[in-house]
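Heads up, the thing below is written out as structure tokens.
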Amino acid sequence: MSEDFHHRFLDIAFKAAFASVRSNKGGPFGAVIVKDGHVIGNGVNSVISNNDPTAHAEIMAIRDACRNIANFDLEGSVIYSTCEPCPMCLSAIYWANISEVYYCSTKVEAAEIGFRDHHIYDELSLPSEYRNLPFHKLDHPQAAKLFLEWQNKEDKTPY
């Protein structure tokens, strides 16, 4: 694929991101999901307008794409993002089975304007007992039963 092909989709993401910033919807981020050369999902950062810290552009684009194709599996699709995905968005991209990621600004550049992801990357590499956010594992008699029920469920939809 040519750079012009990729820029066509990035242009859509940037146009939406600029509009979002100008309308105070959220931060300076936009994303587009493409499958077979067609846009199937769009998203902009909507953290502020939705009062939702998970409403990042990539997450919103994934939600939109899944609604539009009526499937949670985006295998074979490509995401174009105005910025390198944060750890949450990167995880969602993996969970959605998106095949490729194209982005422009880096996580370092995002940090330079106040978006703080680096500590999350650092925390993820640590065992839970060494993280800054306290994690407490508790035993509960229903935990094993719940997983066993899922494991034995014959009509489940695996993902």
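Here, A, B, ... name the chains of the structure tokens in the order displayed, residue numbers run from 1 inside each chain, and ligands are numbered from 1 in the same displayed order.
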**Request:** Quick one: pick out all strand (DSSP E or B) residues within stretch 65-114 of chain A from a backbone DSSP run and write them as a list in words.
**Result:**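 The strand (DSSP E or B) residues within stretch 65-114 of chain A come out as Val78, Ile79, Tyr80, Ser81, Thr82, Cys83, Glu100, Val101, Tyr102, Tyr103, Cys104 and Ser105 of chain A.
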Produce a file of the selected residues containing C-alpha atoms, as a CSV table (one decimal), in the first residue's frame.
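Wrote again-v3.csv, looks like this:
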```csv
chain,number,residue,atom,x,y,z
A,78,VAL,CA,-6.3,-2.0,10.4
A,79,ILE,CA,-6.4,0.9,12.8
A,80,TYR,CA,-5.1,4.4,11.9
A,81,SER,CA,-4.4,6.6,14.9
A,82,THR,CA,-3.2,10.1,15.2
A,83,CYS,CA,-1.0,9.0,18.1
A,100,GLU,CA,-2.1,-3.7,12.0
A,101,VAL,CA,-1.6,-0.3,13.6
A,102,TYR,CA,-0.5,2.9,11.9
A,103,TYR,CA,0.1,6.0,14.0
A,104,CYS,CA,1.8,9.4,13.8
A,105,SER,CA,2.8,11.1,17.1
```
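Counting only C-alpha atoms, the residue from A:Gln142, A:Asn71, A:Ser20, A:Asn132 that sits nearest to A:Thr157 is A:Asn71.
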**Request:** Return as a ChimeraX atom specification the full set of residues in stretch 12-90 of chain A whose backbone-based DSSP assignment is helix (DSSP H, G or I).
**Result:** /A:12-22,47-50,57-69,87-90
**Request:** For each of A:Ser77, A:Ser23, A:Asn68, A:Asn50, take the minimum atom-to-atom distance to A:Gly37, counting only C-alpha atoms, then give the residue where this is smallest.
**Result:**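 Residue with the minimum atom-to-atom distance to A:Gly37: A:Ser77.
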